[in-house]
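Here is the file final_27.txt (compact mmCIF, C-alpha atoms).
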```txt
# COMPACT_ATOMS: atom_id res chain seq x y z
CA MET Y 1 117.78 -71.28 -58.05
CA SER Y 2 114.26 -72.51 -58.68
CA HIS Y 3 112.20 -70.32 -60.96
CA GLN Y 4 109.06 -72.41 -61.24
CA LEU Y 5 107.34 -69.21 -60.15
CA THR Y 6 108.56 -65.81 -61.24
CA ARG Y 7 109.69 -63.39 -58.57
CA ARG Y 8 106.56 -61.38 -59.21
CA GLN Y 9 104.32 -64.39 -58.54
CA MET Y 10 106.23 -65.26 -55.38
CA LEU Y 11 105.91 -61.70 -54.17
CA HIS Y 12 102.18 -61.74 -54.88
CA LEU Y 13 101.75 -64.88 -52.79
CA ALA Y 14 103.54 -63.31 -49.85
CA THR Y 15 101.90 -59.89 -50.07
CA ALA Y 16 98.86 -60.74 -47.95
CA SER Y 17 100.88 -61.66 -44.89
CA ALA Y 18 103.20 -58.69 -45.32
CA ALA Y 19 100.26 -56.31 -45.61
CA GLY Y 20 98.74 -57.91 -42.52
CA LEU Y 21 101.78 -56.78 -40.56
CA GLY Y 22 101.18 -53.19 -41.61
CA LEU Y 23 104.61 -52.69 -43.14
CA SER Y 24 103.74 -49.25 -44.39
CA ALA Y 25 103.25 -48.19 -40.78
CA CYS Y 26 106.38 -49.77 -39.34
CA GLY Y 27 108.84 -46.97 -39.94
CA GLY Y 28 110.69 -47.64 -36.67
CA GLY Y 29 110.46 -51.42 -36.89
CA GLY Y 30 113.18 -53.82 -35.96
CA SER Y 31 113.76 -52.50 -32.43
CA GLY Y 32 110.65 -52.80 -30.31
CA GLY Y 33 110.37 -56.05 -28.42
CA GLY Y 34 113.59 -57.46 -29.81
CA THR Y 35 116.75 -58.61 -28.09
CA ALA Y 36 120.10 -56.92 -28.49
CA GLY Y 37 122.54 -58.59 -30.83
CA ALA Y 38 126.21 -59.29 -30.22
CA ASP Y 39 129.40 -59.55 -32.22
CA GLY Y 40 130.23 -63.13 -31.36
CA ASP Y 41 132.79 -64.65 -33.73
CA SER Y 42 132.34 -68.33 -32.89
CA GLY Y 43 129.60 -70.88 -32.29
CA LYS Y 44 126.71 -72.05 -34.44
CA ILE Y 45 125.09 -69.75 -37.00
CA THR Y 46 121.87 -70.42 -38.88
CA VAL Y 47 121.31 -69.46 -42.53
CA TRP Y 48 117.88 -69.09 -44.15
CA SER Y 49 117.63 -69.65 -47.90
CA TRP Y 50 115.50 -71.70 -50.31
CA THR Y 51 115.59 -74.66 -52.72
CA THR Y 52 118.67 -74.96 -54.93
CA ALA Y 53 120.23 -71.80 -53.52
CA ALA Y 54 120.17 -73.37 -50.05
CA GLU Y 55 121.79 -76.50 -51.45
CA ALA Y 56 124.46 -74.37 -53.10
CA LEU Y 57 125.24 -72.65 -49.79
CA ARG Y 58 125.58 -76.03 -48.09
CA GLY Y 59 128.35 -76.79 -50.56
CA VAL Y 60 130.40 -73.92 -49.10
CA VAL Y 61 130.04 -75.06 -45.50
CA PRO Y 62 132.77 -77.78 -45.39
CA SER Y 63 135.54 -75.52 -46.68
CA PHE Y 64 134.34 -72.59 -44.56
CA GLU Y 65 134.26 -74.63 -41.36
CA ARG Y 66 137.71 -76.01 -42.19
CA ASP Y 67 139.13 -72.51 -42.69
CA ASN Y 68 137.20 -70.99 -39.77
CA PRO Y 69 137.50 -73.35 -36.81
CA GLY Y 70 135.04 -72.61 -34.05
CA ILE Y 71 132.17 -71.66 -36.36
CA GLU Y 72 129.44 -74.17 -37.27
CA VAL Y 73 126.96 -73.38 -40.06
CA ASP Y 74 123.41 -74.71 -40.37
CA VAL Y 75 121.84 -73.85 -43.77
CA GLN Y 76 118.07 -74.24 -43.70
CA ASP Y 77 115.84 -74.48 -46.76
CA VAL Y 78 112.90 -72.39 -45.57
CA GLY Y 79 111.15 -72.49 -48.95
CA ASN Y 80 109.91 -69.76 -51.22
CA PRO Y 81 107.64 -67.81 -50.66
CA ALA Y 82 107.57 -69.00 -47.02
CA ILE Y 83 110.91 -67.34 -46.34
CA TRP Y 84 109.44 -63.86 -46.89
CA ASP Y 85 106.75 -64.45 -44.28
CA LYS Y 86 109.30 -65.70 -41.77
CA ILE Y 87 111.74 -62.83 -42.31
CA THR Y 88 108.98 -60.20 -42.31
CA VAL Y 89 107.39 -61.58 -39.14
CA GLY Y 90 110.80 -61.81 -37.49
CA LEU Y 91 111.77 -58.23 -38.33
CA ALA Y 92 108.37 -56.90 -37.31
CA SER Y 93 108.76 -58.58 -33.91
CA GLY Y 94 112.13 -57.01 -33.30
CA GLY Y 95 114.22 -59.87 -34.64
CA LYS Y 96 112.85 -62.63 -32.43
CA GLY Y 97 113.46 -66.13 -33.78
CA ILE Y 98 115.17 -64.90 -36.93
CA ALA Y 99 118.23 -66.59 -38.45
CA ASP Y 100 121.73 -65.11 -38.27
CA VAL Y 101 122.15 -64.98 -42.08
CA LEU Y 102 119.25 -64.16 -44.39
CA HIS Y 103 118.95 -64.68 -48.15
CA VAL Y 104 116.90 -61.72 -49.45
CA GLY Y 105 115.67 -60.74 -52.91
CA VAL Y 106 116.01 -57.26 -54.39
CA ASP Y 107 112.23 -56.92 -54.31
CA TYR Y 108 112.34 -57.12 -50.49
CA LEU Y 109 115.70 -55.74 -49.35
CA PRO Y 110 114.96 -52.02 -49.98
CA GLY Y 111 111.63 -52.39 -48.19
CA TYR Y 112 113.26 -54.07 -45.20
CA LEU Y 113 115.86 -51.30 -44.96
CA GLU Y 114 113.11 -48.71 -45.25
CA LYS Y 115 110.60 -50.20 -42.83
CA PHE Y 116 112.99 -51.90 -40.39
CA PRO Y 117 116.03 -49.62 -40.30
CA GLU Y 118 117.41 -51.35 -37.20
CA GLY Y 119 116.59 -54.87 -38.33
CA LEU Y 120 119.65 -55.68 -40.45
CA ALA Y 121 123.21 -55.42 -39.17
CA ASP Y 122 125.62 -52.66 -40.15
CA LEU Y 123 128.22 -54.58 -42.15
CA SER Y 124 130.31 -51.52 -42.94
CA ARG Y 125 131.82 -51.61 -39.47
CA LEU Y 126 132.78 -55.24 -40.11
CA GLY Y 127 134.60 -54.37 -43.34
CA ALA Y 128 131.97 -54.72 -46.07
CA ASP Y 129 132.89 -51.45 -47.81
CA ARG Y 130 136.20 -52.84 -49.05
CA HIS Y 131 134.27 -55.12 -51.42
CA LYS Y 132 132.33 -52.36 -53.19
CA ASP Y 133 134.28 -52.55 -56.44
CA ALA Y 134 134.25 -56.35 -56.51
CA PHE Y 135 130.65 -56.55 -57.64
CA VAL Y 136 128.84 -55.61 -60.84
CA GLU Y 137 128.02 -51.94 -61.12
CA GLY Y 138 124.49 -50.98 -60.14
CA LEU Y 139 124.10 -53.23 -57.09
CA TRP Y 140 125.79 -51.25 -54.33
CA PRO Y 141 123.03 -48.62 -53.91
CA THR Y 142 120.62 -51.46 -53.07
CA VAL Y 143 122.73 -52.70 -50.14
CA THR Y 144 123.29 -49.22 -48.72
CA GLY Y 145 120.77 -47.83 -46.25
CA LYS Y 146 119.87 -44.23 -45.49
CA ASP Y 147 122.51 -44.44 -42.77
CA ARG Y 148 125.07 -44.85 -45.61
CA ALA Y 149 126.09 -48.19 -44.11
CA VAL Y 150 126.23 -51.45 -46.06
CA HIS Y 151 123.68 -54.02 -44.89
CA ALA Y 152 124.16 -56.90 -47.36
CA LEU Y 153 126.44 -58.31 -50.05
CA PRO Y 154 125.22 -59.19 -53.57
CA TRP Y 155 125.03 -62.86 -54.50
CA GLU Y 156 122.89 -63.58 -57.54
CA ILE Y 157 122.48 -61.26 -60.48
CA ASN Y 158 120.19 -61.67 -63.46
CA PRO Y 159 121.21 -59.65 -66.53
CA LEU Y 160 118.54 -59.50 -69.21
CA GLY Y 161 118.83 -61.27 -72.55
CA LEU Y 162 116.61 -62.17 -75.48
CA PHE Y 163 116.37 -65.90 -76.09
CA TYR Y 164 115.17 -66.56 -79.62
CA ARG Y 165 114.45 -69.44 -81.99
CA HIS Y 166 117.40 -69.30 -84.37
CA ASP Y 167 115.69 -71.66 -86.79
CA TYR Y 168 112.60 -69.42 -86.93
CA PHE Y 169 114.64 -66.30 -87.63
CA GLU Y 170 116.54 -68.15 -90.33
CA LYS Y 171 113.36 -69.48 -91.94
CA ALA Y 172 111.85 -65.99 -91.96
CA GLY Y 173 115.00 -64.43 -93.39
CA VAL Y 174 115.54 -62.23 -90.33
CA ASP Y 175 119.17 -61.50 -89.44
CA PRO Y 176 119.46 -61.39 -85.62
CA ALA Y 177 122.25 -58.81 -85.96
CA SER Y 178 119.74 -56.43 -87.54
CA VAL Y 179 117.54 -56.50 -84.43
CA THR Y 180 118.88 -53.75 -82.18
CA SER Y 181 115.61 -52.31 -80.87
CA TRP Y 182 112.07 -53.48 -80.23
CA ASP Y 183 111.08 -51.39 -83.25
CA ASP Y 184 113.20 -53.76 -85.34
CA LEU Y 185 111.68 -56.85 -83.76
CA ILE Y 186 108.12 -55.54 -84.14
CA ALA Y 187 108.85 -54.95 -87.84
CA ALA Y 188 110.24 -58.49 -88.19
CA GLY Y 189 107.40 -60.10 -86.23
CA PRO Y 190 104.95 -60.54 -89.14
CA LYS Y 191 107.67 -62.21 -91.23
CA ILE Y 192 108.44 -64.65 -88.44
CA ARG Y 193 104.77 -65.37 -87.84
CA ALA Y 194 104.09 -65.88 -91.57
CA ALA Y 195 107.05 -68.25 -91.96
CA THR Y 196 106.60 -70.27 -88.76
CA GLY Y 197 103.14 -69.63 -87.32
CA ALA Y 198 104.76 -68.48 -84.07
CA GLN Y 199 104.01 -65.28 -82.20
CA LEU Y 200 106.89 -63.27 -80.84
CA LEU Y 201 106.28 -63.68 -77.11
CA GLY Y 202 103.74 -64.53 -74.46
CA LEU Y 203 102.13 -62.30 -71.83
CA ASP Y 204 99.45 -62.85 -69.21
CA LYS Y 205 97.00 -60.41 -70.77
CA PRO Y 206 94.34 -60.39 -67.99
CA GLY Y 207 97.09 -59.95 -65.37
CA THR Y 208 95.95 -62.90 -63.26
CA THR Y 209 99.49 -63.47 -61.94
CA GLN Y 210 100.67 -59.85 -61.91
CA ASP Y 211 103.75 -61.03 -63.81
CA MET Y 212 105.08 -57.71 -65.05
CA ASP Y 213 108.65 -58.80 -65.76
CA PHE Y 214 108.56 -57.78 -69.43
CA PHE Y 215 107.13 -54.32 -68.75
CA GLN Y 216 109.66 -53.82 -65.96
CA SER Y 217 112.55 -54.92 -68.14
CA LEU Y 218 111.56 -52.40 -70.82
CA MET Y 219 111.68 -49.69 -68.18
CA GLN Y 220 114.96 -50.95 -66.74
CA LEU Y 221 116.54 -50.84 -70.21
CA GLN Y 222 115.83 -47.11 -70.01
CA GLY Y 223 117.22 -46.74 -66.49
CA ALA Y 224 113.76 -46.36 -64.95
CA PHE Y 225 111.34 -48.20 -62.66
CA TYR Y 226 108.18 -47.60 -60.62
CA PHE Y 227 110.12 -45.37 -58.22
CA ASP Y 228 113.19 -43.19 -58.62
CA ALA Y 229 116.23 -43.21 -56.34
CA GLU Y 230 114.46 -40.85 -53.89
CA GLY Y 231 111.40 -43.09 -53.73
CA ARG Y 232 109.12 -40.82 -55.78
CA VAL Y 233 106.51 -42.46 -58.02
CA THR Y 234 107.59 -42.71 -61.67
CA LEU Y 235 104.92 -45.10 -62.96
CA ALA Y 236 103.70 -42.43 -65.41
CA SER Y 237 107.18 -41.39 -66.57
CA PRO Y 238 108.03 -41.11 -70.28
CA GLN Y 239 110.06 -44.31 -69.92
CA ALA Y 240 107.08 -46.21 -68.49
CA VAL Y 241 104.83 -44.89 -71.26
CA ARG Y 242 107.36 -46.00 -73.89
CA ALA Y 243 107.52 -49.45 -72.31
CA LEU Y 244 103.76 -49.93 -72.31
CA THR Y 245 103.53 -48.50 -75.82
CA VAL Y 246 105.93 -51.17 -77.07
CA ILE Y 247 103.69 -53.79 -75.49
CA LYS Y 248 100.59 -52.25 -77.08
CA ARG Y 249 102.25 -52.23 -80.51
CA LEU Y 250 103.20 -55.88 -80.13
CA ASN Y 251 99.65 -56.76 -79.15
CA ASP Y 252 98.01 -54.65 -81.85
CA GLY Y 253 100.22 -56.39 -84.39
CA GLY Y 254 99.00 -59.82 -83.32
CA LEU Y 255 102.46 -60.73 -82.05
CA VAL Y 256 101.55 -61.56 -78.43
CA ALA Y 257 100.16 -64.89 -77.24
CA ASP Y 258 98.03 -64.91 -74.08
CA THR Y 259 99.79 -67.01 -71.42
CA ALA Y 260 97.15 -66.64 -68.70
CA GLY Y 261 96.62 -69.89 -66.85
CA GLN Y 262 99.04 -72.18 -65.09
CA GLY Y 263 101.49 -73.87 -67.42
CA THR Y 264 100.33 -72.01 -70.53
CA TRP Y 265 103.69 -70.41 -71.36
CA LYS Y 266 105.52 -73.70 -70.96
CA ARG Y 267 102.98 -75.47 -73.20
CA LEU Y 268 103.27 -72.84 -75.93
CA VAL Y 269 107.07 -73.00 -75.92
CA GLY Y 270 106.93 -76.79 -76.04
CA GLN Y 271 104.64 -76.58 -79.05
CA GLY Y 272 107.00 -74.16 -80.80
CA LYS Y 273 104.46 -71.33 -80.80
CA LEU Y 274 106.71 -68.63 -79.31
CA ALA Y 275 109.69 -67.25 -81.20
CA THR Y 276 111.38 -65.36 -78.37
CA ALA Y 277 111.66 -65.27 -74.59
CA PRO Y 278 112.86 -61.93 -73.12
CA TYR Y 279 114.25 -63.46 -69.94
CA PRO Y 280 117.30 -63.01 -67.71
CA ALA Y 281 120.24 -65.36 -67.21
CA TRP Y 282 118.42 -67.91 -65.04
CA ALA Y 283 116.57 -69.06 -68.17
CA ILE Y 284 119.75 -70.50 -69.71
CA GLU Y 285 119.44 -73.82 -67.93
CA TYR Y 286 115.68 -73.61 -67.51
CA LEU Y 287 115.09 -73.75 -71.28
CA ALA Y 288 117.74 -76.44 -71.76
CA THR Y 289 116.24 -78.60 -69.02
CA LYS Y 290 112.55 -78.16 -69.82
CA PHE Y 291 112.75 -78.36 -73.63
CA PRO Y 292 115.53 -80.82 -74.53
CA ALA Y 293 113.85 -81.68 -77.84
CA GLN Y 294 114.56 -78.11 -79.01
CA SER Y 295 118.32 -78.42 -78.52
CA GLY Y 296 120.28 -76.46 -81.12
CA LYS Y 297 117.28 -74.32 -82.07
CA TRP Y 298 117.71 -71.54 -79.51
CA ARG Y 299 120.24 -68.71 -79.28
CA VAL Y 300 120.68 -65.62 -77.08
CA MET Y 301 121.28 -62.00 -78.02
CA GLN Y 302 121.49 -58.76 -76.08
CA PRO Y 303 117.99 -57.49 -75.39
CA PRO Y 304 116.72 -55.05 -78.03
CA ALA Y 305 116.68 -51.45 -76.84
CA ALA Y 306 113.33 -50.10 -75.70
CA VAL Y 307 113.95 -47.09 -77.94
CA PRO Y 308 116.15 -47.03 -81.05
CA GLY Y 309 119.72 -46.24 -80.08
CA GLY Y 310 118.99 -46.81 -76.39
CA GLY Y 311 120.67 -49.03 -73.84
CA ARG Y 312 120.76 -52.78 -74.32
CA SER Y 313 121.70 -53.97 -70.85
CA ALA Y 314 119.67 -54.26 -67.66
CA ILE Y 315 119.88 -56.08 -64.36
CA VAL Y 316 116.31 -57.18 -63.81
CA ASN Y 317 116.67 -58.80 -60.40
CA SER Y 318 119.24 -59.90 -57.84
CA THR Y 319 119.55 -61.52 -54.42
CA TYR Y 320 121.68 -60.80 -51.36
CA LEU Y 321 122.95 -62.22 -48.09
CA THR Y 322 122.54 -60.12 -44.98
CA VAL Y 323 122.94 -60.48 -41.21
CA SER Y 324 120.18 -59.99 -38.66
CA ALA Y 325 120.95 -57.13 -36.27
CA THR Y 326 119.80 -59.30 -33.36
CA SER Y 327 122.19 -62.14 -34.17
CA LYS Y 328 124.39 -63.01 -31.21
CA ARG Y 329 127.19 -63.97 -33.61
CA ARG Y 330 127.27 -61.13 -36.10
CA LYS Y 331 131.01 -61.40 -36.78
CA ALA Y 332 130.75 -65.13 -37.42
CA ALA Y 333 127.75 -64.57 -39.71
CA TRP Y 334 129.61 -61.85 -41.61
CA ARG Y 335 132.65 -64.10 -42.02
CA PHE Y 336 130.44 -66.73 -43.67
CA ILE Y 337 128.87 -64.21 -46.05
CA GLU Y 338 132.25 -62.74 -46.95
CA TYR Y 339 133.71 -66.21 -47.52
CA ALA Y 340 130.80 -67.40 -49.69
CA LEU Y 341 130.36 -64.28 -51.82
CA THR Y 342 133.81 -62.74 -52.33
CA LYS Y 343 135.89 -65.82 -53.19
CA PRO Y 344 135.64 -66.76 -56.91
CA ALA Y 345 136.21 -70.45 -56.21
CA GLU Y 346 133.35 -70.61 -53.70
CA ILE Y 347 130.92 -68.49 -55.71
CA ASN Y 348 131.57 -70.61 -58.81
CA ARG Y 349 131.09 -73.80 -56.85
CA MET Y 350 127.66 -72.52 -55.90
CA PHE Y 351 126.98 -71.46 -59.47
CA ALA Y 352 127.82 -74.94 -60.74
CA SER Y 353 125.50 -76.60 -58.24
CA GLY Y 354 122.61 -74.17 -58.10
CA GLY Y 355 122.61 -72.09 -61.26
CA VAL Y 356 122.84 -68.83 -59.31
CA PHE Y 357 124.55 -66.41 -61.72
CA PRO Y 358 127.16 -64.62 -59.60
CA ALA Y 359 127.39 -60.88 -59.06
CA LEU Y 360 131.10 -61.15 -58.22
CA LYS Y 361 133.11 -59.85 -61.19
CA GLY Y 362 136.13 -61.99 -60.31
CA ALA Y 363 134.07 -65.13 -60.93
CA TYR Y 364 133.87 -64.49 -64.68
CA ALA Y 365 137.51 -65.44 -65.31
CA ASP Y 366 136.55 -69.08 -64.84
CA PRO Y 367 136.61 -71.04 -68.16
CA LYS Y 368 132.98 -72.07 -67.66
CA PHE Y 369 131.91 -68.56 -68.63
CA SER Y 370 133.44 -69.03 -72.08
CA ALA Y 371 132.32 -72.61 -72.63
CA PRO Y 372 130.06 -73.41 -75.62
CA HIS Y 373 126.58 -74.62 -74.71
CA PRO Y 374 125.22 -77.50 -76.83
CA PHE Y 375 121.57 -76.54 -76.32
CA TYR Y 376 122.34 -73.16 -77.93
CA GLY Y 377 124.18 -74.58 -80.91
CA GLY Y 378 127.56 -74.17 -79.26
CA GLN Y 379 127.05 -70.48 -78.49
CA GLN Y 380 128.98 -69.07 -75.51
CA VAL Y 381 125.79 -68.00 -73.80
CA LEU Y 382 127.31 -67.20 -70.41
CA ARG Y 383 129.89 -64.97 -72.05
CA SER Y 384 127.14 -63.03 -73.79
CA PHE Y 385 125.54 -62.21 -70.43
CA VAL Y 386 128.89 -61.27 -68.89
CA ALA Y 387 129.49 -58.93 -71.84
CA SER Y 388 126.14 -57.26 -71.27
CA LEU Y 389 127.16 -56.47 -67.68
CA ALA Y 390 130.30 -54.64 -68.75
CA SER Y 391 128.40 -51.46 -69.59
CA GLY Y 392 126.81 -51.37 -66.14
CA SER Y 393 123.19 -50.79 -65.19
CA ASP Y 394 121.29 -48.34 -63.05
CA ALA Y 395 120.17 -49.46 -59.60
CA THR Y 396 116.50 -50.34 -59.25
CA ASN Y 397 114.71 -48.94 -56.20
CA PHE Y 398 111.91 -51.38 -55.36
CA THR Y 399 111.08 -49.55 -52.06
CA GLY Y 400 108.71 -50.95 -49.48
CA ASP Y 401 105.72 -50.25 -51.73
CA TYR Y 402 106.66 -52.50 -54.64
CA SER Y 403 103.66 -54.80 -54.20
CA ARG Y 404 101.29 -51.85 -54.55
CA ALA Y 405 103.11 -50.57 -57.63
CA LEU Y 406 102.99 -54.05 -59.14
CA LYS Y 407 99.21 -54.24 -58.80
CA PHE Y 408 98.58 -50.85 -60.38
CA ALA Y 409 101.02 -51.54 -63.21
CA ALA Y 410 99.40 -54.92 -63.90
CA ASP Y 411 95.95 -53.32 -63.98
CA ALA Y 412 97.18 -50.66 -66.42
CA GLN Y 413 98.77 -53.23 -68.71
CA SER Y 414 95.59 -55.34 -68.73
CA GLN Y 415 93.51 -52.28 -69.66
CA VAL Y 416 95.82 -51.70 -72.62
CA LEU Y 417 95.90 -55.33 -73.74
CA ILE Y 418 92.25 -56.23 -73.15
CA LYS Y 419 90.39 -52.94 -73.60
CA GLY Y 420 92.74 -51.05 -75.92
CA ALA Y 421 93.35 -48.26 -73.42
CA ASP Y 422 95.87 -45.53 -74.14
CA PRO Y 423 99.17 -46.36 -72.34
CA ALA Y 424 99.79 -42.81 -71.16
CA GLU Y 425 96.30 -42.39 -69.73
CA ALA Y 426 96.28 -45.80 -68.07
CA LEU Y 427 99.64 -45.16 -66.42
CA LYS Y 428 98.68 -41.64 -65.37
CA ALA Y 429 95.70 -43.00 -63.48
CA ALA Y 430 97.76 -45.83 -61.99
CA ALA Y 431 100.49 -43.46 -60.81
CA LYS Y 432 97.93 -41.18 -59.17
CA GLN Y 433 96.41 -44.10 -57.25
CA LEU Y 434 99.85 -45.37 -56.26
CA ALA Y 435 100.85 -41.96 -54.91
CA GLN Y 436 97.60 -41.64 -52.98
CA GLN Y 437 97.88 -45.07 -51.40
CA THR Y 438 101.53 -44.76 -50.43
CA GLY Y 439 101.74 -41.08 -49.55
CA ARG Y 440 104.67 -40.72 -51.96
CA GLN Y 441 105.15 -37.78 -54.27
CA GLN Y 442 105.11 -38.21 -58.01
CA ALA Y 443 108.30 -37.26 -59.79
CA ALA Y 444 108.01 -34.33 -62.14
```
Let me see the structure of the file written as structure tokens.
Amino acid sequence: MSHQLTRRQMLHLATASAAGLGLSACGGGGSGGGTAGADGDSGKITVWSWTTAAEALRGVVPSFERDNPGIEVDVQDVGNPAIWDKITVGLASGGKGIADVLHVGVDYLPGYLEKFPEGLADLSRLGADRHKDAFVEGLWPTVTGKDRAVHALPWEINPLGLFYRHDYFEKAGVDPASVTSWDDLIAAGPKIRAATGAQLLGLDKPGTTQDMDFFQSLMQLQGAFYFDAEGRVTLASPQAVRALTVIKRLNDGGLVADTAGQGTWKRLVGQGKLATAPYPAWAIEYLATKFPAQSGKWRVMQPPAAVPGGGRSAIVNSTYLTVSATSKRRKAAWRFIEYALTKPAEINRMFASGGVFPALKGAYADPKFSAPHPFYGGQQVLRSFVASLASGSDATNFTGDYSRALKFAADAQSQVLIKGADPAEALKAAAKQLAQQTGRQQAA
């Protein structure tokens, strides 16, 4: 999957059109003006995806059509973020003109289920529930609507890791095994900077891109997010305050480089000025491809805990395949999703071609997940991410108001990084505004 833009940036680009549709006021969406779907199990189905993920899905089509005569599959690369506009417009108009199969990110799926409860097909009645235990723990609540029915199957999963410059740690005399929390890494930061001239990590301090992935990952390591499972605002929770406090301590210690501006992070990494990259699994091949001259210098470890002794695993984002409720061939569409996402051979074929880390647990038995990676000095990097998934992670409830939460969180982080604001006070004000704008209650 292409990650030239982070998910947060892509969401930001699509927010204007989504807001223009008045999503917050579309509680009954997905029915008015639409056409009734049907359970056809043959004919041509259309799939909407984007970039390398679309190409990966095309690789499944020949074997699927061979094993399912009578069904023809057309995978269309709609582009990202264009796909969010098309899906949102289609759902808001009652499903008119929408594809049979939709590739949806975790930052949109909960909102679609919330705002368009009749827009996505009930896959439970087609047999989706039997696959619940086949996927990594923590994903099933996201695919389940308030009707308790399953409306999608997980495809991509991105467990969090900490990529780090092994040579820098070695030069500074820092044992990676001793780094179990961000407290440990903050303490080691001055040694690394003194020995190498590199800062620990980069952040967009002014918040120009609203890229809040690091802040979010620190919350997710604590089992928290902007909203709880009931949709209440938790932006001012103790976990959020701890996350922003870690960021403030990093910044106050001179350990954060400002990556505002297009291409700044990539330039700093290329120049060897960043010692770590707290990124999920998609970065494995991204780093290897973009910085070949640094081969052998990078390694991966489990992410440091946000608090000493805390959890060290988190699923920071994921994507899903779902079926439009207005599809005339819902059974055929479901058969394609089931074929692509529940068969280890097919999911690993897509992984090999598109770099989409699979959510299907059965895929991890493939030898590729234990293979040494030359860019990482022969480390079994995929195995390290699989191991981090074994402990499970809490589900993240993005809700239909994620874009609003993102803006307020970004503003709060910028106040802390630029103006030295107190994390607790900045988040308290942000949570109050978020609750007022969305009509949601704040959690106690």
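Here CA of Thr180 (chain Y) stands at a distance of 11.0 Å from CA of Leu162 (chain Y).
Distances to Gly362 (chain Y) were evaluated for Y:Arg267, Y:Arg125, Y:His103, Y:His131 using only C-alpha atoms, and the minimum falls at Y:His131.
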### Task
Using only C-alpha atoms, find the one residue out of Y:Val381, Y:Ala172, Y:Ala412, Y:Pro238 that sits nearest to Ala288 (chain Y).
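Closest candidate: Y:Val381.
The smallest atom-to-atom distance between Ala198 (chain Y) and any of Y:Ala177, Y:Leu268, Y:Met219, Y:Ala390, using only C-alpha atoms, is found for Y:Leu268.
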The residues within 12 Å of (98.5, -71.0, -69.9), using all atoms listed in the file and the coordinates of the file, should be reported as JSON, numbers by chain; which are they? {"Y": [202, 203, 204, 205, 206, 208, 209, 257, 258, 259, 260, 261, 262, 263, 264, 265, 266, 267, 268, 269, 270]}
CA of Gly311 (chain Y) to CA of Tyr108 (chain Y) measures 26.1 Å
List every protein, DNA or RNA residue that has an atom no more than 8 Å from (115.5, -58.0, -34.4) in the file's coordinate frame, counting all atoms listed in the file, and report them as a PyMOL selection string. chain Y and resi 30-31+34-37+90-96+98+118-120+324-327
* When distances are computed from all atoms listed in the file, which of Y:Leu160, Y:Ala121, Y:Val73, Y:Ala54 shows the smallest separation from Thr144 (chain Y)? ->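 Of Y:Leu160, Y:Ala121, Y:Val73, Y:Ala54, the one nearest Thr144 (chain Y), counting all atoms listed in the file, is Y:Ala121.
Nearest to Pro423 (chain Y) of all the residues Y:Ser370, Y:Ser42, Y:Ser237, Y:Asn68 is Y:Ser237, based on only C-alpha atoms.
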Among Y:Gln415, Y:Gln210, Y:Gln239, Y:Thr234, Ser403 (chain Y) is approached most closely, using all atoms listed in the file, by Y:Gln210
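Take CA of Ala224 (chain Y) and CA of Ala305 (chain Y): the distance between them is 13.3 Å.
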Quick one: everything within 8 Å of Ala134 (chain Y), counting only C-alpha atoms, minus sequence neighbours fewer than 2 positions away in the same chain. Send it as a VMD selection string. chain Y and resid 131 to 132 136 342 360 to 362
**Asked** If you count only C-alpha atoms, which residues fall within 8 Å of Leu244 (chain Y), apart from same-chain ones fewer than 4 positions away, as a PyMOL selection string?
**Response** chain Y and resi 215+240+248+413+423
Shell of 6 Å around Ala56 (chain Y), all atoms listed in the file, local chain residues under 4 positions omitted, as an mmCIF file with C-alpha atoms, in the frame of the given file:
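New file part_24.cif:
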```cif
data_model
loop_
_atom_site.group_PDB
_atom_site.id
_atom_site.type_symbol
_atom_site.label_atom_id
_atom_site.label_comp_id
_atom_site.auth_asym_id
_atom_site.auth_seq_id
_atom_site.Cartn_x
_atom_site.Cartn_y
_atom_site.Cartn_z
ATOM 1 C CA MET Y 350 127.660 -72.520 -55.900
ATOM 2 C CA SER Y 353 125.500 -76.600 -58.240
ATOM 3 C CA GLY Y 354 122.610 -74.170 -58.100
#
```
Give me region 165-171 of chain Y with N, CA and C atoms filled in, as a compact mmCIF listing (two decimals), in the frame of the given file.
```txt
# COMPACT_ATOMS: atom_id res chain seq x y z
N ARG Y 165 114.38 -68.25 -81.15
CA ARG Y 165 114.45 -69.44 -81.99
C ARG Y 165 115.27 -69.11 -83.24
N HIS Y 166 116.51 -69.57 -83.26
CA HIS Y 166 117.40 -69.30 -84.37
C HIS Y 166 116.84 -69.86 -85.68
N ASP Y 167 116.23 -71.05 -85.58
CA ASP Y 167 115.69 -71.66 -86.79
C ASP Y 167 114.52 -70.86 -87.35
N TYR Y 168 113.73 -70.24 -86.47
CA TYR Y 168 112.60 -69.42 -86.93
C TYR Y 168 113.09 -68.16 -87.62
N PHE Y 169 114.08 -67.51 -87.02
CA PHE Y 169 114.64 -66.30 -87.63
C PHE Y 169 115.23 -66.62 -89.00
N GLU Y 170 115.91 -67.75 -89.07
CA GLU Y 170 116.54 -68.15 -90.33
C GLU Y 170 115.48 -68.44 -91.39
N LYS Y 171 114.43 -69.15 -91.00
CA LYS Y 171 113.36 -69.48 -91.94
C LYS Y 171 112.65 -68.23 -92.44
```
